[in-house]
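Novice: Structure incoming, see below.
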Amino acid sequence: MNRKIIGCLMLALLSGCTASVGNNFDDAQLANIHYDVTTKKDLIALFGAPSSDTPFPQGQSILMWTWSQAKTGSTTEGRTLTVRLQNDKVKTYTVSKT
């Protein structure tokens, strides 16, 4: 094979490489989160197991779902859903993107 063909093949392979960590979540599912109603069990049914589950005193906990993807030759993108629970019910949540 000549160098031009090999170069094109290498470029095609590199431009298509991606690596992901975590599970990307569907923004449409965010509409199913209701303050003081949605439980931890409900969240897991919507988004799967959280990336982290941190308990705090007085019945509070923070759940996080994190996803990131790196593509060869471009920047990394990511998203995090952070939910604060009080007595197993949603008190607040935020979605951040990078």
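Residue numbering restarts at 1 in every chain; chains get A, B, ... in the order shown in the structure tokens, and ligands count up from 1 in that same order.
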Compile the contact shell of Ser52 of chain A as a PyMOL selection string: residues with an atom at most 8 Å away, counting only C-alpha atoms, same-chain residues fewer than 6 positions apart removed.

Specialist: chain A and resi 62-65

Novice: Mind dumping the selected residues with C-alpha atoms as a short mmCIF file (atom, residue, chain, number, x, y, z; two decimals), in the first residue's frame?

Specialist:
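Below is the file that was written, result_31.cif:
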```cif
data_model
loop_
_atom_site.label_atom_id
_atom_site.label_comp_id
_atom_site.auth_asym_id
_atom_site.auth_seq_id
_atom_site.Cartn_x
_atom_site.Cartn_y
_atom_site.Cartn_z
CA ILE A 62 -25.91 12.83 47.96
CA LEU A 63 -26.23 10.64 44.86
CA MET A 64 -24.24 11.36 41.71
CA TRP A 65 -24.47 9.99 38.19
#
```

Novice: Could you tell me which of A:Gly78, A:Gly22, A:Arg84, A:Ile33 comes closest to Ser96 of chain A if we count only C-alpha atoms?

Specialist: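 Between A:Gly78, A:Gly22, A:Arg84, A:Ile33, the residue approaching Ser96 of chain A most closely is A:Gly78.
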
Novice: Which one is closest to Asp42 of chain A: A:Val90, A:Ala28, A:Ala19, A:Val95? Count only C-alpha atoms.

Specialist: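 Nearest candidate to Asp42 of chain A out of A:Val90, A:Ala28, A:Ala19, A:Val95: A:Val90.
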
Novice: Record the distance separating atom CA of Asp88 of chain A and atom CA of Gly59 of chain A, expressed in Å with one decimal.

Specialist: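 Distance between the two atoms: 7.5 Å.
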
Novice: With distances taken over only C-alpha atoms, which of A:Leu85, A:Leu46, A:Thr38, A:Lys97 is nearest to Gln69 of chain A?

Specialist: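 Nearest to Gln69 of chain A: A:Lys97.
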
Novice: From the list A:Lys91, A:Trp67, A:Asn24, A:Val83, which residue is nearest Leu43 of chain A when using only C-alpha atoms?

Specialist: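 Checking each of A:Lys91, A:Trp67, A:Asn24, A:Val83 against Leu43 of chain A, counting only C-alpha atoms, the winner is A:Val83.
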